[in-house]
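Visitor: Just dropping this structure here.
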Amino acid sequence: MFLLYFLLWVIFNGNFTLEIALFGVVIATAVFAFTCRFADYSIEKEKLLFKNLFRIIRYVVVLVIEIVKANFAVVRLILSQEEEIEPALVTFRSDLKTAAGRSALANAITLTPGTITVQLEDDVYTVHCLDESLAEGIKESVFVKRMEEIERGGR
């Protein structure tokens, strides 16, 4: 987070000099200390973030790929006149331990076209799918596997 604050300082200044860099270090330190004090952030969480950075990037890449694939599936479903759309409401449980992991999974499902997370209560997800075919394998989806990988990597 400190590096992010420093990079934002440099970007917002538009150029890079020794004076800007020194002021940037001081200001980034102050903002980082404020974040640690009042936003429940710590250097341990920073280390955990860097430890999981590769897994998080991989999760984002998988998310983008799945969004593109789901876009094509929804377009095919809508433009196909032979198939009748059968909406479905699916409920499933996940083994994710953290609230952040469960929330990220719910958001990934909602970001994917054709599915919306209607409710998340503890570890129980209720998902509305545009068609029953989009509901197949939702509990074992790649999102769940990648998020479990991120959670395991943090321990």
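Letters A, B, ... mark the chains of the structure tokens in the order given; residue numbers begin at 1 per chain; ligand numbers begin at 1, in order shown.
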Show me, as an MDAnalysis selection string, the residues that have an atom within 10 Å of segment 84-95 of chain A when counting only C-alpha atoms, minus same-chain residues fewer than 3 positions from it.
Guide: chainID A and resid 77:78 80:81 98 101:102 105 114:136 138:140 144:145 147:148
Visitor: Residues within 12 Å of Phe50 of chain A, please, as a VMD selection string. Count only C-alpha atoms; anything in the same chain fewer than 4 positions from it doesn't count.
Guide: chain A and resid 1 3 43 to 46 54 to 57 150 153 to 154
Visitor: Taking only C-alpha atoms into account, which of A:Cys36, A:Leu18, A:Leu8, A:Glu151 comes nearest Lys97 of chain A?
Guide: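 Distance minimum relative to Lys97 of chain A lands on A:Glu151.
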Visitor: Within 12 Å of Leu63 of chain A, counting only C-alpha atoms, which residues show up once you throw out same-chain ones fewer than 5 positions away? Write them as a list in words, please.
Guide: Ile56, Ile57, Arg58, Val68, Lys69, Ala70, Ala104, Leu105, Asn107, Ala108, Ile109, Thr110, Leu111, Thr112, Pro113, Ser141, Val142, Phe143, Val144, Lys145, Arg146 and Met147 of chain A
Visitor: Which residue is closest to Ile27 of chain A? Choose from A:Ala39, A:Val62, A:Leu4, A:Leu79 and count only C-alpha atoms.
Guide: A:Leu4
Visitor: In terms of the shortest atom-to-atom distance over only C-alpha atoms, which of A:Asn52, A:Asn13, A:Ile65, A:Phe2 is closest to Phe34 of chain A?
Guide: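 Closest candidate: A:Phe2.
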Visitor: Just the residues within 9 Å of Ala33 of chain A, please, counting only C-alpha atoms, with nothing from its chain fewer than 5 positions along; format it as a list in words.
Guide: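 Contacts, in chain order: Ala28, Phe38 and Ser42 of chain A.
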Visitor: Any chance you could export the current selection's N, CA, C and O atoms as a PDB file, in the first residue's frame?
Guide:
```pdb
ATOM      1  N   ALA A  28       3.563   9.588   1.664  1.00  0.00           N
ATOM      2  CA  ALA A  28       3.131   8.186   1.577  1.00  0.00           C
ATOM      3  C   ALA A  28       3.249   7.507   2.933  1.00  0.00           C
ATOM      4  O   ALA A  28       2.383   6.713   3.313  1.00  0.00           O
ATOM      5  N   PHE A  38      -6.376   3.651  11.245  1.00  0.00           N
ATOM      6  CA  PHE A  38      -7.828   3.829  11.220  1.00  0.00           C
ATOM      7  C   PHE A  38      -8.573   2.914  10.250  1.00  0.00           C
ATOM      8  O   PHE A  38      -9.796   2.867  10.283  1.00  0.00           O
ATOM      9  N   SER A  42      -2.396  -3.425   8.188  1.00  0.00           N
ATOM     10  CA  SER A  42      -1.126  -3.620   8.876  1.00  0.00           C
ATOM     11  C   SER A  42      -0.061  -4.077   7.895  1.00  0.00           C
ATOM     12  O   SER A  42      -0.358  -4.455   6.757  1.00  0.00           O
TER      13      SER A  42
END
```
Visitor: Extract the full set of strand (DSSP E or B) residues from segment 19-119 of chain A according to DSSP on the backbone, and format it as a PyMOL selection string.
Guide: chain A and resi 88-93+115-119
Visitor: Do you have the atom CA of Leu22 of chain A-atom CA of Trp9 of chain A distance handy?
Guide: 10.7 Å
Visitor: Distance atom CA of Tyr5 of chain A-atom CA of Lys51 of chain A, one decimal place?
Guide: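 Distance between the two atoms: 19.3 Å.
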Visitor: Which one is closest to Val10 of chain A: A:Glu66, A:Leu53, A:Val25, A:Val74? Count only C-alpha atoms.
Guide: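 So, comparing all the options, the nearest one is A:Val25.
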Visitor: Give me every helix (DSSP H, G or I) residue in segment 64-154 of chain A, going by DSSP on the backbone, as a PyMOL selection string.
Guide: chain A and resi 64-79+99-111+132-135+142-153
